[in-house]
>>> print(open('work.tsv').read())   # TSV, C-alpha atoms
chain	number	residue	atom	x	y	z
A	1	MET	CA	0.00	0.00	0.00
A	2	SER	CA	1.46	3.30	-1.01
A	3	THR	CA	2.09	6.06	1.45
A	4	GLY	CA	-0.67	8.24	0.05
A	5	ALA	CA	-3.24	5.49	0.25
A	6	ARG	CA	-2.18	4.63	3.79
A	7	ARG	CA	-2.43	8.26	4.81
A	8	ALA	CA	-5.94	8.54	3.34
A	9	LEU	CA	-6.99	5.37	5.14
A	10	VAL	CA	-5.62	6.68	8.44
A	11	VAL	CA	-7.42	9.98	8.04
A	12	ALA	CA	-10.68	8.24	7.23
A	13	GLY	CA	-10.35	5.88	10.15
A	14	LEU	CA	-9.46	8.66	12.58
A	15	ALA	CA	-12.35	10.77	11.33
A	16	GLY	CA	-14.70	7.92	12.13
A	17	LEU	CA	-13.08	7.42	15.53
A	18	GLY	CA	-13.24	11.15	16.19
A	19	LEU	CA	-16.94	11.32	15.39
A	20	LEU	CA	-17.69	8.44	17.71
A	21	ALA	CA	-15.54	9.97	20.45
A	22	VAL	CA	-17.19	13.38	20.11
A	23	TRP	CA	-20.60	11.72	20.31
A	24	ALA	CA	-19.41	9.94	23.46
A	25	VAL	CA	-18.00	12.97	25.25
A	26	THR	CA	-21.06	15.11	24.58
A	27	GLY	CA	-22.97	12.55	26.63
A	28	LEU	CA	-20.73	13.06	29.64
A	29	PRO	CA	-21.86	15.23	32.57
A	30	ASP	CA	-21.03	18.91	32.23
A	31	PHE	CA	-17.43	19.81	32.89
A	32	GLY	CA	-17.10	20.72	36.54
A	33	HIS	CA	-20.15	18.84	37.76
A	34	PRO	CA	-19.33	15.15	37.93
A	35	ILE	CA	-22.09	12.90	39.16
A	36	GLY	CA	-20.05	10.07	40.69
A	37	ARG	CA	-20.14	9.51	44.44
A	38	TYR	CA	-16.67	7.99	44.68
A	39	GLY	CA	-14.99	11.33	44.12
A	40	VAL	CA	-16.90	12.87	47.01
A	41	LEU	CA	-16.45	9.98	49.41
A	42	ALA	CA	-12.76	9.27	48.77
A	43	PRO	CA	-11.31	12.46	50.35
A	44	GLN	CA	-13.67	12.15	53.30
A	45	VAL	CA	-12.65	8.56	53.96
A	46	ALA	CA	-8.97	9.34	53.46
A	47	LEU	CA	-9.13	12.15	56.01
A	48	ALA	CA	-11.45	10.56	58.54
A	49	LYS	CA	-10.31	6.95	58.48
A	50	ARG	CA	-6.66	7.20	57.47
A	51	HIS	CA	-5.78	10.63	58.89
A	52	VAL	CA	-3.98	11.81	55.75
A	53	THR	CA	-4.47	15.38	54.61
A	54	ASP	CA	-3.35	14.73	51.03
A	55	ALA	CA	-6.30	12.85	49.60
A	56	VAL	CA	-4.45	12.03	46.37
A	57	GLY	CA	-1.69	10.29	48.35
A	58	GLY	CA	-4.24	8.47	50.44
A	59	VAL	CA	-6.06	7.26	47.35
A	60	THR	CA	-2.87	6.27	45.55
A	61	PHE	CA	-1.36	4.20	48.34
A	62	ASP	CA	-4.33	3.00	50.31
A	63	LEU	CA	-7.78	3.25	48.75
A	64	ARG	CA	-6.47	2.33	45.28
A	65	GLY	CA	-3.22	0.80	46.47
A	66	LEU	CA	-3.62	-2.29	44.37
A	67	ASP	CA	-3.46	-0.21	41.18
A	68	THR	CA	-0.29	1.47	42.44
A	69	LEU	CA	1.24	-1.93	43.17
A	70	GLY	CA	0.72	-2.86	39.54
A	71	GLU	CA	2.07	0.47	38.27
A	72	GLU	CA	5.11	0.15	40.52
A	73	LEU	CA	5.92	-3.26	39.09
A	74	ILE	CA	5.39	-1.97	35.55
A	75	LEU	CA	7.95	0.73	36.30
A	76	PHE	CA	10.38	-1.83	37.68
A	77	CYS	CA	10.02	-4.08	34.65
A	78	ALA	CA	10.39	-1.15	32.25
A	79	ALA	CA	13.61	-0.02	33.92
A	80	VAL	CA	14.99	-3.56	33.86
A	81	GLY	CA	13.88	-4.00	30.25
A	82	ALA	CA	15.56	-0.79	29.10
A	83	THR	CA	18.73	-1.81	30.97
A	84	VAL	CA	18.80	-5.26	29.37
A	85	LEU	CA	18.23	-3.81	25.91
A	86	LEU	CA	20.96	-1.24	26.25
A	87	ARG	CA	23.52	-3.45	27.93
A	88	ALA	CA	23.23	-6.08	25.22
A	89	GLU	CA	24.71	-3.56	22.82
A	90	ARG	CA	28.10	-3.45	24.40
A	91	PRO	CA	29.64	-6.91	24.27
A	92	GLY	CA	33.09	-7.12	25.77
A	93	GLU	CA	34.34	-3.70	24.74
A	94	GLU	CA	33.50	-1.96	27.98
A	95	GLU	CA	36.84	-1.84	29.77
A	96	ALA	CA	38.91	-0.67	26.84
A	97	THR	CA	36.74	2.13	25.58
A	98	GLU	CA	35.23	3.20	28.89
A	99	GLU	CA	38.20	5.34	29.82
A	100	SER	CA	38.23	7.22	26.56
A	101	GLN	CA	34.49	7.61	26.34
A	102	ARG	CA	33.73	8.61	29.87
A	103	VAL	CA	35.33	12.05	30.09
A	104	PRO	CA	32.99	14.61	28.54
A	105	PRO	CA	34.28	18.04	27.56
A	106	ARG	CA	34.68	20.36	30.50
A	107	PRO	CA	31.36	22.19	31.05
A	108	ALA	CA	31.02	25.93	31.53
A	109	GLY	CA	31.91	27.48	34.83
A	110	ALA	CA	28.36	28.66	35.47
A	111	LEU	CA	27.01	25.14	35.01
A	112	ARG	CA	29.60	23.70	37.36
A	113	ALA	CA	28.82	26.34	39.97
A	114	LEU	CA	25.09	25.68	39.68
A	115	GLY	CA	25.64	21.98	39.97
A	116	ALA	CA	27.75	22.38	43.06
A	117	GLY	CA	25.30	24.78	44.63
A	118	LEU	CA	22.05	23.02	43.76
A	119	GLY	CA	23.02	19.38	44.19
A	120	GLY	CA	22.51	19.25	47.92
A	121	PRO	CA	19.31	21.35	48.04
A	122	LEU	CA	17.83	19.25	45.25
A	123	LEU	CA	18.46	16.09	47.25
A	124	VAL	CA	16.83	17.63	50.30
A	125	LEU	CA	13.87	18.83	48.23
A	126	GLY	CA	13.42	15.38	46.74
A	127	ALA	CA	13.55	13.72	50.14
A	128	TYR	CA	11.08	16.28	51.49
A	129	VAL	CA	8.61	15.70	48.66
A	130	VAL	CA	8.86	11.93	49.12
A	131	VAL	CA	8.40	11.93	52.87
A	132	HIS	CA	5.56	14.48	52.99
A	133	GLY	CA	3.51	12.76	50.31
A	134	HIS	CA	0.65	12.03	52.67
A	135	LEU	CA	0.43	15.61	53.97
A	136	THR	CA	0.89	17.87	50.95
A	137	PRO	CA	0.96	17.23	47.20
A	138	GLY	CA	3.91	15.04	46.34
A	139	GLY	CA	4.81	11.52	47.23
A	140	GLY	CA	7.05	8.76	46.07
A	141	PHE	CA	6.64	9.16	42.31
A	142	GLN	CA	7.18	12.89	42.19
A	143	GLY	CA	9.99	12.96	44.75
A	144	GLY	CA	11.73	10.04	43.11
A	145	VAL	CA	11.98	11.95	39.85
A	146	ILE	CA	13.43	14.96	41.71
A	147	LEU	CA	16.04	12.71	43.32
A	148	ALA	CA	16.98	11.29	39.92
A	149	ALA	CA	17.27	14.85	38.62
A	150	ALA	CA	19.78	15.58	41.39
A	151	VAL	CA	22.00	12.76	40.13
A	152	LEU	CA	21.66	14.03	36.58
A	153	LEU	CA	22.57	17.55	37.69
A	154	VAL	CA	25.80	16.28	39.20
A	155	TYR	CA	26.60	14.60	35.91
A	156	ALA	CA	25.73	17.69	33.86
A	157	ALA	CA	28.02	19.76	36.05
A	158	GLY	CA	30.91	17.58	35.01
A	159	GLN	CA	31.34	15.48	38.10
A	160	LEU	CA	31.11	11.74	38.43
A	161	ILE	CA	29.65	9.91	41.41
A	162	GLY	CA	32.01	7.32	42.81
A	163	LEU	CA	31.66	5.15	45.88
A	164	GLU	CA	34.40	3.46	47.81
A	165	HIS	CA	33.51	-0.16	48.37
A	166	VAL	CA	30.70	-0.83	45.94
A	167	ARG	CA	30.15	-0.02	42.30
A	168	ALA	CA	27.67	2.81	41.92
A	169	THR	CA	25.69	0.99	39.25
A	170	THR	CA	25.38	-2.00	41.55
A	171	LEU	CA	24.04	0.26	44.27
A	172	VAL	CA	21.48	1.77	41.94
A	173	GLU	CA	20.24	-1.65	40.82
A	174	LEU	CA	20.11	-2.78	44.43
A	175	ALA	CA	18.14	0.32	45.45
A	176	GLU	CA	15.61	-0.24	42.71
A	177	ALA	CA	15.09	-3.86	43.66
A	178	ILE	CA	14.83	-2.99	47.34
A	179	GLY	CA	12.22	-0.32	46.61
A	180	ALA	CA	10.05	-2.66	44.58
A	181	ALA	CA	10.46	-5.49	47.09
A	182	ALA	CA	9.61	-3.19	50.00
A	183	PHE	CA	6.36	-2.20	48.34
A	184	VAL	CA	5.39	-5.83	47.78
A	185	ILE	CA	6.41	-6.77	51.33
A	186	VAL	CA	4.22	-4.03	52.81
A	187	ALA	CA	1.37	-5.16	50.58
A	188	VAL	CA	1.79	-8.73	51.79
A	189	GLY	CA	2.10	-7.38	55.32
A	190	GLY	CA	-1.47	-6.22	54.98
A	191	LEU	CA	-2.35	-9.82	54.25
A	192	VAL	CA	-0.43	-11.08	57.27
A	193	PHE	CA	-1.24	-8.45	59.90
A	194	ALA	CA	-4.70	-7.29	58.83
A	195	THR	CA	-7.65	-8.38	56.82
A	196	ALA	CA	-6.44	-8.31	53.22
A	197	ALA	CA	-3.44	-7.53	51.05
A	198	MET	CA	-2.61	-3.81	50.85
A	199	ALA	CA	-4.61	-3.21	54.02
A	200	ASN	CA	-3.32	-0.37	56.15
A	201	PHE	CA	-2.05	-2.10	59.25
A	202	LEU	CA	0.11	0.45	61.04
A	203	PRO	CA	-1.31	2.95	63.57
A	204	PHE	CA	-2.83	5.99	61.92
A	205	GLY	CA	-1.67	8.81	64.16
A	206	THR	CA	-3.07	12.32	64.11
A	207	SER	CA	-3.68	13.88	60.73
A	208	GLY	CA	-1.19	16.58	59.83
A	209	SER	CA	1.78	15.08	61.59
A	210	LEU	CA	4.54	13.27	59.77
A	211	LEU	CA	3.82	9.91	61.40
A	212	SER	CA	0.25	9.50	60.22
A	213	GLY	CA	-1.55	7.43	57.68
A	214	GLY	CA	-0.25	4.02	58.66
A	215	THR	CA	1.55	2.35	55.82
A	216	ILE	CA	1.16	5.31	53.44
A	217	PRO	CA	4.46	7.07	54.34
A	218	VAL	CA	6.27	3.73	54.25
A	219	LEU	CA	4.95	3.03	50.76
A	220	ASN	CA	5.83	6.58	49.73
A	221	ILE	CA	9.45	6.05	50.75
A	222	ALA	CA	9.59	2.66	49.01
A	223	VAL	CA	8.22	4.14	45.81
A	224	GLY	CA	10.54	7.15	46.08
A	225	VAL	CA	13.60	4.93	46.34
A	226	GLU	CA	12.40	2.72	43.51
A	227	VAL	CA	11.51	5.54	41.12
A	228	ALA	CA	14.75	7.42	41.80
A	229	ALA	CA	16.85	4.32	41.28
A	230	GLY	CA	14.86	3.21	38.24
A	231	ILE	CA	15.15	6.52	36.43
A	232	THR	CA	18.83	6.82	37.39
A	233	LEU	CA	19.40	3.33	36.02
A	234	ILE	CA	17.71	4.18	32.73
A	235	LEU	CA	19.72	7.40	32.44
A	236	THR	CA	22.91	5.52	33.27
A	237	GLU	CA	22.37	3.05	30.48
A	238	LEU	CA	21.24	5.67	27.97
A	239	LEU	CA	24.35	7.76	28.70
A	240	GLY	CA	26.65	4.77	28.48
A	241	ARG	CA	27.32	4.59	32.22
A	242	ALA	CA	28.88	8.04	32.19
A	243	LEU	CA	27.13	9.09	35.40
A	244	PHE	CA	29.23	6.99	37.72
A	245	ASP	CA	32.90	6.52	38.33
A	246	ASP	CA	32.90	2.76	38.18
A	247	ARG	CA	36.58	2.05	37.93
A	248	GLU	CA	37.58	-0.97	39.96
A	249	GLU	CA	38.78	0.27	43.32
A	250	ASP	CA	41.33	-1.77	45.17
A	251	SER	CA	40.27	-0.50	48.59
B	1	MET	CA	-18.19	25.44	26.36
B	2	SER	CA	-18.58	22.80	28.99
B	3	VAL	CA	-17.38	19.99	26.74
B	4	LEU	CA	-14.18	21.67	25.50
B	5	PRO	CA	-11.69	19.74	27.72
B	6	TYR	CA	-13.05	16.44	26.42
B	7	LEU	CA	-12.75	17.66	22.83
B	8	VAL	CA	-9.13	18.56	23.52
B	9	ALA	CA	-8.57	14.99	24.70
B	10	VAL	CA	-10.19	13.59	21.55
B	11	TRP	CA	-8.09	15.88	19.36
B	12	LEU	CA	-4.88	14.87	21.12
B	13	LEU	CA	-5.73	11.22	20.64
B	14	ALA	CA	-6.47	11.71	16.95
B	15	VAL	CA	-3.30	13.71	16.34
B	16	GLY	CA	-1.18	11.21	18.27
B	17	LEU	CA	-2.56	8.23	16.39
B	18	TYR	CA	-2.14	10.02	13.06
B	19	GLY	CA	1.48	10.69	13.93
B	20	VAL	CA	2.07	7.06	14.90
B	21	ALA	CA	0.50	5.75	11.71
B	22	THR	CA	2.28	8.09	9.30
B	23	SER	CA	5.63	8.54	11.00
B	24	ARG	CA	8.92	8.23	9.10
B	25	HIS	CA	11.19	8.08	12.12
B	26	LEU	CA	10.93	5.80	15.10
B	27	VAL	CA	11.80	8.48	17.67
B	28	HIS	CA	9.05	10.68	16.23
B	29	LEU	CA	6.73	7.68	16.52
B	30	VAL	CA	7.53	7.23	20.21
B	31	ILE	CA	6.84	10.89	20.92
B	32	CYS	CA	3.52	10.70	19.05
B	33	LEU	CA	2.64	7.77	21.29
B	34	SER	CA	3.34	10.02	24.28
B	35	VAL	CA	0.94	12.57	22.84
B	36	ALA	CA	-1.76	9.91	22.54
B	37	GLN	CA	-1.12	8.92	26.16
B	38	ALA	CA	-1.38	12.57	27.20
B	39	SER	CA	-4.91	12.61	25.83
B	40	THR	CA	-5.92	10.06	28.46
B	41	TYR	CA	-4.52	12.29	31.20
B	42	VAL	CA	-6.54	15.26	29.92
B	43	LEU	CA	-9.68	13.14	29.78
B	44	LEU	CA	-9.18	11.71	33.28
B	45	LEU	CA	-8.50	15.07	34.88
B	46	GLY	CA	-11.36	16.68	32.97
B	47	VAL	CA	-13.79	14.03	34.17
B	48	GLY	CA	-12.75	14.52	37.77
B	49	TYR	CA	-12.85	18.31	37.92
B	50	ARG	CA	-15.46	19.74	40.27
B	51	PHE	CA	-16.21	23.45	40.61
B	52	PRO	CA	-14.83	25.54	42.35
B	53	GLY	CA	-11.71	23.45	41.85
B	54	ARG	CA	-10.00	23.31	45.21
B	55	ALA	CA	-7.11	20.88	45.44
B	56	PRO	CA	-7.88	17.73	47.50
B	57	VAL	CA	-5.34	18.65	50.16
B	58	PHE	CA	-6.81	19.28	53.60
B	59	ALA	CA	-3.66	20.67	55.17
B	60	ASP	CA	-5.23	24.12	55.00
B	61	LEU	CA	-8.86	23.37	54.17
B	62	PRO	CA	-11.49	22.48	56.77
B	63	PRO	CA	-12.64	18.88	56.45
B	64	GLY	CA	-15.75	18.48	54.37
B	65	THR	CA	-15.15	21.20	51.79
B	66	SER	CA	-15.91	20.26	48.23
B	67	VAL	CA	-12.72	19.36	46.41
B	68	VAL	CA	-11.66	17.99	43.05
B	69	ASP	CA	-11.89	14.24	42.59
B	70	PRO	CA	-8.59	12.75	43.85
B	71	VAL	CA	-9.10	9.26	42.41
B	72	VAL	CA	-8.46	10.29	38.81
B	73	GLN	CA	-5.48	12.36	39.94
B	74	ALA	CA	-4.02	9.28	41.61
B	75	LEU	CA	-4.49	7.28	38.40
B	76	THR	CA	-2.87	10.02	36.34
B	77	LEU	CA	0.19	10.60	38.48
B	78	THR	CA	1.24	6.98	38.53
B	79	ASP	CA	0.58	6.80	34.83
B	80	VAL	CA	2.86	9.73	34.00
B	81	VAL	CA	5.92	8.19	35.62
B	82	VAL	CA	5.18	4.78	34.15
B	83	GLU	CA	4.81	6.35	30.71
B	84	ALA	CA	8.25	7.90	31.04
B	85	THR	CA	9.88	4.56	31.74
B	86	VAL	CA	7.95	2.79	28.99
B	87	THR	CA	9.12	5.52	26.60
B	88	ALA	CA	12.65	4.73	27.75
B	89	VAL	CA	12.14	1.07	26.82
B	90	LEU	CA	10.81	2.06	23.40
B	91	LEU	CA	13.77	4.36	22.80
B	92	ALA	CA	16.16	1.59	23.84
B	93	LEU	CA	14.44	-0.63	21.27
B	94	THR	CA	14.91	2.14	18.71
B	95	MET	CA	18.62	2.20	19.43
B	96	ARG	CA	18.81	-1.56	18.97
B	97	VAL	CA	16.90	-1.28	15.69
B	98	GLN	CA	19.30	1.39	14.45
B	99	ARG	CA	22.27	-0.76	15.31
B	100	ARG	CA	20.83	-3.95	13.84
B	101	PHE	CA	19.17	-2.70	10.68
B	102	GLY	CA	20.87	0.61	10.04
B	103	THR	CA	17.63	2.52	9.59
B	104	VAL	CA	14.95	3.99	11.82
B	105	ASP	CA	12.37	4.47	9.09
B	106	PRO	CA	9.32	2.31	9.93
B	107	ASP	CA	8.48	2.01	6.26
B	108	GLN	CA	11.73	0.16	5.64
B	109	LEU	CA	11.37	-2.11	8.64
B	110	GLY	CA	8.46	-4.05	7.28
B	111	ALA	CA	9.90	-7.53	6.94
B	112	LEU	CA	10.80	-9.76	9.86
B	113	ARG	CA	14.44	-10.73	9.55
B	114	GLY	CA	16.31	-13.08	11.74
>>> encode(input="work.tsv", output="structure tokens")
Amino acid sequence: MSTGARRALVVAGLAGLGLLAVWAVTGLPDFGHPIGRYGVLAPQVALAKRHVTDAVGGVTFDLRGLDTLGEELILFCAAVGATVLLRAERPGEEEATEESQRVPPRPAGALRALGAGLGGPLLVLGAYVVVHGHLTPGGGFQGGVILAAAVLLVYAAGQLIGLEHVRATTLVELAEAIGAAAFVIVAVGGLVFATAAMANFLPFGTSGSLLSGGTIPVLNIAVGVEVAAGITLILTELLGRALFDDREEDS
Amino acid sequence: MSVLPYLVAVWLLAVGLYGVATSRHLVHLVICLSVAQASTYVLLLGVGYRFPGRAPVFADLPPGTSVVDPVVQALTLTDVVVEATVTAVLLALTMRVQRRFGTVDPDQLGALRG
């Protein structure tokens, strides 16, 4: 089928789909006046029963926690899949060409100064967003991306992250696995300590304080670790492992 | 117009699917897929919006005030991060395709080759 014919077929098909979709959305309730009861009850239950002030966090990790468990595992599998795909491209040539490929050109002084100045605050901001996910907007997913951005900022500023006794890439993989496993363990903990899987089995505390919401802050931290490590792992592989100083240390 | 946000979602979906079907570059195709996924976010958030549009955070609101639906926001926020990682997998596949077949034009990648 020629390109022109395919394009005409696509346009015709999408026009039909568009007409059906427009017919469907004109039958929805008016924008701003939804008729469902779940949207009204969910914040009330999250505040009254779980003592969390951020209803979105309460819904994500408790009322609809099973969906988040699935999404978390999708994220884990996607990170592992991208890593496998990208690592299969470099058979056996890593040690020889790593030295020559790793050193990027020296970045501008302003970028290096910004990286030095903002690296620490960005880490603190990411940790804050992760930990306060059940009180104010934020949570594990959002804070995890901020933490990964902190690692990327250090790389963009021309520095490499090196650790003494363990390879940095190993630590990142370990962190991702631990985050995903922690989420599943807490979900199973609901099965063991309470009525059903993903049940909230820790004490709820007073709403507004950091230690409230039962398992919700714990799940937030697990997701934060997992998302940060997963995105860092993907970036590491896409950049050819240039983020970390993974030379073999003899200490 | 009270149905405009939903029409935006329909338009995004149509444009994204058109881009996927007629793309000449795999990276462009992956980005068009992201556009089609963005249409679902617009639709979800549009369905959940409730006037007067206060955020569902009770840190500074008295309990019981009418807020926006938080369930669709929860679905959307997990979806955004998952979409980013799935896009990363697709781009990694694109890099493998480039290395294996030497081209990233979907029109020239029609045949299955071992």
>>> interface_residues(input="work.tsv", of="chain A", to="chain B", cutoff="7 Å", atoms="only C-alpha atoms", output="PyMOL selection string")
chain A and resi 7+10+14+18+21-22+25-26+30-34+39-40+43-44+53-56+59-60+68+71+74-75+78-79+81-82+85-86+135-136+141+208
>>> atom_distance(input="work.tsv", atom1="atom CA of A:Thr215", atom2="atom CA of A:Val129")
16.7 Å
>>> closest_residue(input="work.tsv", among="A:Val45, A:Leu239, A:Val11, A:Ala157", to="A:Arg112", atoms="all atoms listed in the file")
A:Ala157
>>> closest_residue(input="work.tsv", among="A:Val218, A:Ala127, A:Ala42, A:Val145", to="A:Phe201", atoms="all atoms listed in the file")
A:Val218
>>> atom_distance(input="work.tsv", atom1="atom CA of A:Pro137", atom2="atom CA of A:Val52")
11.3 Å
>>> residues_around(input="work.tsv", residues="A:Leu147", least_positions_apart="6", cutoff="9 Å", atoms="only C-alpha atoms", output="PyMOL selection string")
chain A and resi 122-127+224-225+227-229+232
>>> write_last_selection(input="work.tsv", atoms="C-alpha atoms", output="PDB file, in the coordinates of the input")
ATOM      1  CA  LEU A 122      17.830  19.250  45.250  1.00  0.00           C
ATOM      2  CA  LEU A 123      18.460  16.090  47.250  1.00  0.00           C
ATOM      3  CA  VAL A 124      16.830  17.630  50.300  1.00  0.00           C
ATOM      4  CA  LEU A 125      13.870  18.830  48.230  1.00  0.00           C
ATOM      5  CA  GLY A 126      13.420  15.380  46.740  1.00  0.00           C
ATOM      6  CA  ALA A 127      13.550  13.720  50.140  1.00  0.00           C
ATOM      7  CA  GLY A 224      10.540   7.150  46.080  1.00  0.00           C
ATOM      8  CA  VAL A 225      13.600   4.930  46.340  1.00  0.00           C
ATOM      9  CA  VAL A 227      11.510   5.540  41.120  1.00  0.00           C
ATOM     10  CA  ALA A 228      14.750   7.420  41.800  1.00  0.00           C
ATOM     11  CA  ALA A 229      16.850   4.320  41.280  1.00  0.00           C
ATOM     12  CA  THR A 232      18.830   6.820  37.390  1.00  0.00           C
TER      13      THR A 232
END
